[in-house]
Amino acid sequence: MAPHYFDIHTHLHFGAFKDDSREAVGRALDESIWMIQVGTQKDTSTQAVELAEKYTEGVYATVGLHPIHTGKSFHDKNEVEEKENGPASDGEVFEYEYYKKLALRPKVVGIGECGLDYFRLSEETKKKQYDAFEQQIALAQEVGKPLMLHIRNAYDDALAILKKNPGAKGNVHFFAGSWDVAKQFLDIGFTLSFTGVVTFTRDYDEVIKNAPLDMIMSETDSPYVAPVPHRGQRNESLYVPEVVKRIAEIRGEDLEKVKIALVQNVRRIFAIS
């Protein structure tokens, strides 16, 4: 059965769902919501694939190294349970062959989340982020799968890297830039996805209104940024219809038309039949 909605960026395999991951997936699937579980380093990438492989359809994965995990980073208990020398606190060097092996598994539809994150950047980690990003672009091109980009406070530098790799394609997750920045990504063939943030801020209305309908997608980024009316709660894929509803309202378009288009976009970009 075709999905009614698609959450293209969720983390139901994260620590926040350690007690009810399968239940959270089930709640979404029961409402015809399909989803992509997104990896952030070796452990969570493996877990994303393992979760996706438990289902014949409706649950897929991406594998990659998040830029914050290339250096010592803030420990997020929602991501992984704390452990000595754990992956959320120590820097990881991108292991190309490890990720390639994961990427070739049938349920893996993309590489990432990868990119650049300058929010808590130290100069010593900047080169590590660049190196990991460029290797993941190369991996995406080798295995023929799109990128799931994470870019924070670094749009100009990310665009410069992508423009040096003209074969690169994919999606900019949690897009939070201006319309001028959005146009630059759209011009090189990247789609943009939006989270529950659009239900409680007007900051991205211009981008959502102006972007071609066939170049945008919906996501939750769960367990983070739950949409209204669930704000302040743990987010999950079940709530992605609130994002789609708000996108339709901002664009002034029929909800059913937007629902159909956003699902078609995912299936086209991530080659999901």
# chains A, B, ... in the order shown; residues from 1 in each chain; ligands from 1
call {"tool": "residues_around", "arguments": {"residues": "region 228-231 of chain A", "least_positions_apart": "5", "cutoff": "10 Å", "atoms": "only C-alpha atoms", "output": "JSON list (two decimals) with N, CA and C atoms, in the first residue's frame"}}
result
[["chain", "number", "residue", "atom", "x", "y", "z"],
["A", 196, "GLY", "N", 8.93, 20.17, 12.22],
["A", 196, "GLY", "CA", 7.86, 20.76, 13.00],
["A", 196, "GLY", "C", 8.09, 22.20, 13.39],
["A", 197, "VAL", "N", 9.31, 22.70, 13.21],
["A", 197, "VAL", "CA", 9.59, 24.11, 13.50],
["A", 197, "VAL", "C", 8.65, 25.03, 12.70],
["A", 198, "VAL", "N", 8.26, 24.59, 11.50],
["A", 198, "VAL", "CA", 7.42, 25.44, 10.66],
["A", 198, "VAL", "C", 6.03, 25.64, 11.25],
["A", 199, "THR", "N", 5.66, 24.82, 12.25],
["A", 199, "THR", "CA", 4.34, 24.97, 12.87],
["A", 199, "THR", "C", 4.33, 26.04, 13.95],
["A", 200, "PHE", "N", 5.52, 26.51, 14.37],
["A", 200, "PHE", "CA", 5.54, 27.54, 15.42],
["A", 200, "PHE", "C", 6.45, 28.73, 15.15],
["A", 236, "GLU", "N", 7.94, 12.14, 17.32],
["A", 236, "GLU", "CA", 8.02, 10.85, 16.64],
["A", 236, "GLU", "C", 7.41, 10.97, 15.26],
["A", 239, "TYR", "N", 3.88, 12.22, 14.02],
["A", 239, "TYR", "CA", 3.48, 13.63, 14.00],
["A", 239, "TYR", "C", 3.81, 14.34, 12.69],
["A", 242, "GLU", "N", 1.40, 16.86, 10.77],
["A", 242, "GLU", "CA", 1.28, 18.27, 11.19],
["A", 242, "GLU", "C", 2.20, 19.16, 10.37],
["A", 243, "VAL", "N", 3.37, 18.63, 10.01],
["A", 243, "VAL", "CA", 4.31, 19.38, 9.18],
["A", 243, "VAL", "C", 3.75, 19.57, 7.77],
["A", 246, "ARG", "N", 0.94, 22.06, 7.65],
["A", 246, "ARG", "CA", 1.40, 23.45, 7.73],
["A", 246, "ARG", "C", 2.05, 23.89, 6.41]]
call {"tool": "residues_around", "arguments": {"residues": "region 263-270 of chain A", "least_positions_apart": "3", "cutoff": "7 Å", "atoms": "only C-alpha atoms", "output": "list of chain:residue names"}}
result
A:Tyr5, A:Phe6, A:Val109, A:Gly110, A:Pro146, A:Gly170, A:Asp214, A:Met215, A:Met217, A:Lys259, A:Ile260, A:Ser273
call {"tool": "write_last_selection", "arguments": {"atoms": "C-alpha atoms", "output": "tab-separated table (two decimals), in the first residue's frame"}}
result
chain	number	residue	atom	x	y	z
A	5	TYR	CA	2.95	10.64	4.34
A	6	PHE	CA	6.73	10.23	4.41
A	109	VAL	CA	18.59	4.70	0.55
A	110	GLY	CA	21.13	7.44	1.25
A	146	PRO	CA	21.77	10.56	-2.49
A	170	GLY	CA	20.42	14.75	-2.30
A	214	ASP	CA	8.50	18.92	-6.46
A	215	MET	CA	11.62	20.01	-4.54
A	217	MET	CA	9.85	17.16	1.65
A	259	LYS	CA	0.55	15.11	0.46
A	260	ILE	CA	0.79	13.30	-2.87
A	273	SER	CA	9.56	1.96	-5.24
call {"tool": "closest_residue", "arguments": {"among": "A:Ile216, A:Ala16, A:Val59, A:Ile188", "to": "Asn235 (chain A)", "atoms": "only C-alpha atoms"}}
result
A:Ala16
call {"tool": "closest_residue", "arguments": {"among": "A:Tyr55, A:Tyr118, A:Phe190, A:Phe133", "to": "Tyr155 (chain A)", "atoms": "only C-alpha atoms"}}
result
A:Tyr118
call {"tool": "residues_around", "arguments": {"residues": "Lys209 (chain A)", "least_positions_apart": "3", "cutoff": "10 Å", "atoms": "only C-alpha atoms", "output": "PyMOL selection string"}}
result
chain A and resi 179+204-206+212-213+247-253
call {"tool": "write_last_selection", "arguments": {"atoms": "N, CA and C atoms", "output": "JSON list (two decimals), in the first residue's frame"}}
result
[["chain", "number", "residue", "atom", "x", "y", "z"],
["A", 179, "TRP", "N", 15.73, 32.47, 1.59],
["A", 179, "TRP", "CA", 15.34, 32.11, 0.23],
["A", 179, "TRP", "C", 16.53, 32.21, -0.71],
["A", 204, "TYR", "N", 10.45, 30.48, 7.89],
["A", 204, "TYR", "CA", 10.74, 29.76, 6.65],
["A", 204, "TYR", "C", 9.58, 29.82, 5.66],
["A", 205, "ASP", "N", 8.60, 30.67, 5.94],
["A", 205, "ASP", "CA", 7.44, 30.77, 5.06],
["A", 205, "ASP", "C", 7.83, 31.16, 3.64],
["A", 206, "GLU", "N", 8.77, 32.08, 3.50],
["A", 206, "GLU", "CA", 9.15, 32.54, 2.16],
["A", 206, "GLU", "C", 9.74, 31.40, 1.33],
["A", 212, "PRO", "N", 9.76, 25.15, -5.59],
["A", 212, "PRO", "CA", 8.88, 24.29, -6.39],
["A", 212, "PRO", "C", 8.35, 23.13, -5.53],
["A", 213, "LEU", "N", 7.09, 22.80, -5.73],
["A", 213, "LEU", "CA", 6.48, 21.75, -4.92],
["A", 213, "LEU", "C", 7.20, 20.41, -5.09],
["A", 247, "ILE", "N", 2.78, 23.00, 5.76],
["A", 247, "ILE", "CA", 3.36, 23.34, 4.46],
["A", 247, "ILE", "C", 2.25, 23.69, 3.47],
["A", 248, "ALA", "N", 1.18, 22.92, 3.45],
["A", 248, "ALA", "CA", 0.05, 23.20, 2.55],
["A", 248, "ALA", "C", -0.58, 24.55, 2.87],
["A", 249, "GLU", "N", -0.73, 24.85, 4.16],
["A", 249, "GLU", "CA", -1.32, 26.13, 4.57],
["A", 249, "GLU", "C", -0.45, 27.30, 4.13],
["A", 250, "ILE", "N", 0.85, 27.18, 4.34],
["A", 250, "ILE", "CA", 1.77, 28.26, 3.96],
["A", 250, "ILE", "C", 1.74, 28.50, 2.45],
["A", 251, "ARG", "N", 1.68, 27.41, 1.70],
["A", 251, "ARG", "CA", 1.67, 27.52, 0.23],
["A", 251, "ARG", "C", 0.30, 27.90, -0.32],
["A", 252, "GLY", "N", -0.74, 27.78, 0.51],
["A", 252, "GLY", "CA", -2.09, 28.06, 0.04],
["A", 252, "GLY", "C", -2.56, 27.05, -0.98],
["A", 253, "GLU", "N", -2.14, 25.78, -0.79],
["A", 253, "GLU", "CA", -2.48, 24.73, -1.73],
["A", 253, "GLU", "C", -3.31, 23.64, -1.05]]
call {"tool": "atom_distance", "arguments": {"atom1": "CA of Val63 (chain A)", "atom2": "CA of Asp30 (chain A)"}}
result
25.4 Å
call {"tool": "select_by_dssp", "arguments": {"residues": "region 38-255 of chain A", "states": "helix (DSSP H, G or I)", "output": "JSON, numbers by chain"}}
result
{"A": [42, 43, 44, 45, 46, 47, 48, 49, 50, 51, 52, 67, 68, 69, 70, 96, 97, 98, 99, 100, 101, 102, 103, 123, 124, 125, 126, 127, 128, 129, 130, 131, 132, 133, 134, 135, 136, 137, 138, 139, 140, 141, 142, 143, 155, 156, 157, 158, 159, 160, 161, 162, 163, 179, 180, 181, 182, 183, 184, 185, 186, 187, 196, 197, 198, 199, 205, 206, 207, 208, 209, 210, 213, 214, 215, 237, 238, 239, 240, 241, 242, 243, 244, 245, 246, 247, 248, 249, 250, 251, 255]}
call {"tool": "closest_residue", "arguments": {"among": "A:Thr195, A:Asn171, A:Ser122, A:Ser21", "to": "Thr220 (chain A)", "atoms": "only C-alpha atoms"}}
result
A:Thr195
call {"tool": "closest_residue", "arguments": {"among": "A:Gly177, A:Pro67, A:Gly58, A:Gly232", "to": "Leu149 (chain A)", "atoms": "only C-alpha atoms"}}
result
A:Pro67
call {"tool": "closest_residue", "arguments": {"among": "A:Gln47, A:Gln129, A:Thr56, A:Thr10", "to": "Phe174 (chain A)", "atoms": "only C-alpha atoms"}}
result
A:Thr10
call {"tool": "closest_residue", "arguments": {"among": "A:Thr125, A:Gln136, A:Ser45, A:Thr191", "to": "His173 (chain A)", "atoms": "only C-alpha atoms"}}
result
A:Thr191
call {"tool": "atom_distance", "arguments": {"atom1": "CA of Ser32 (chain A)", "atom2": "CA of Thr46 (chain A)"}}
result
25.0 Å
call {"tool": "atom_distance", "arguments": {"atom1": "CA of Lys126 (chain A)", "atom2": "CA of Tyr99 (chain A)"}}
result
21.3 Å
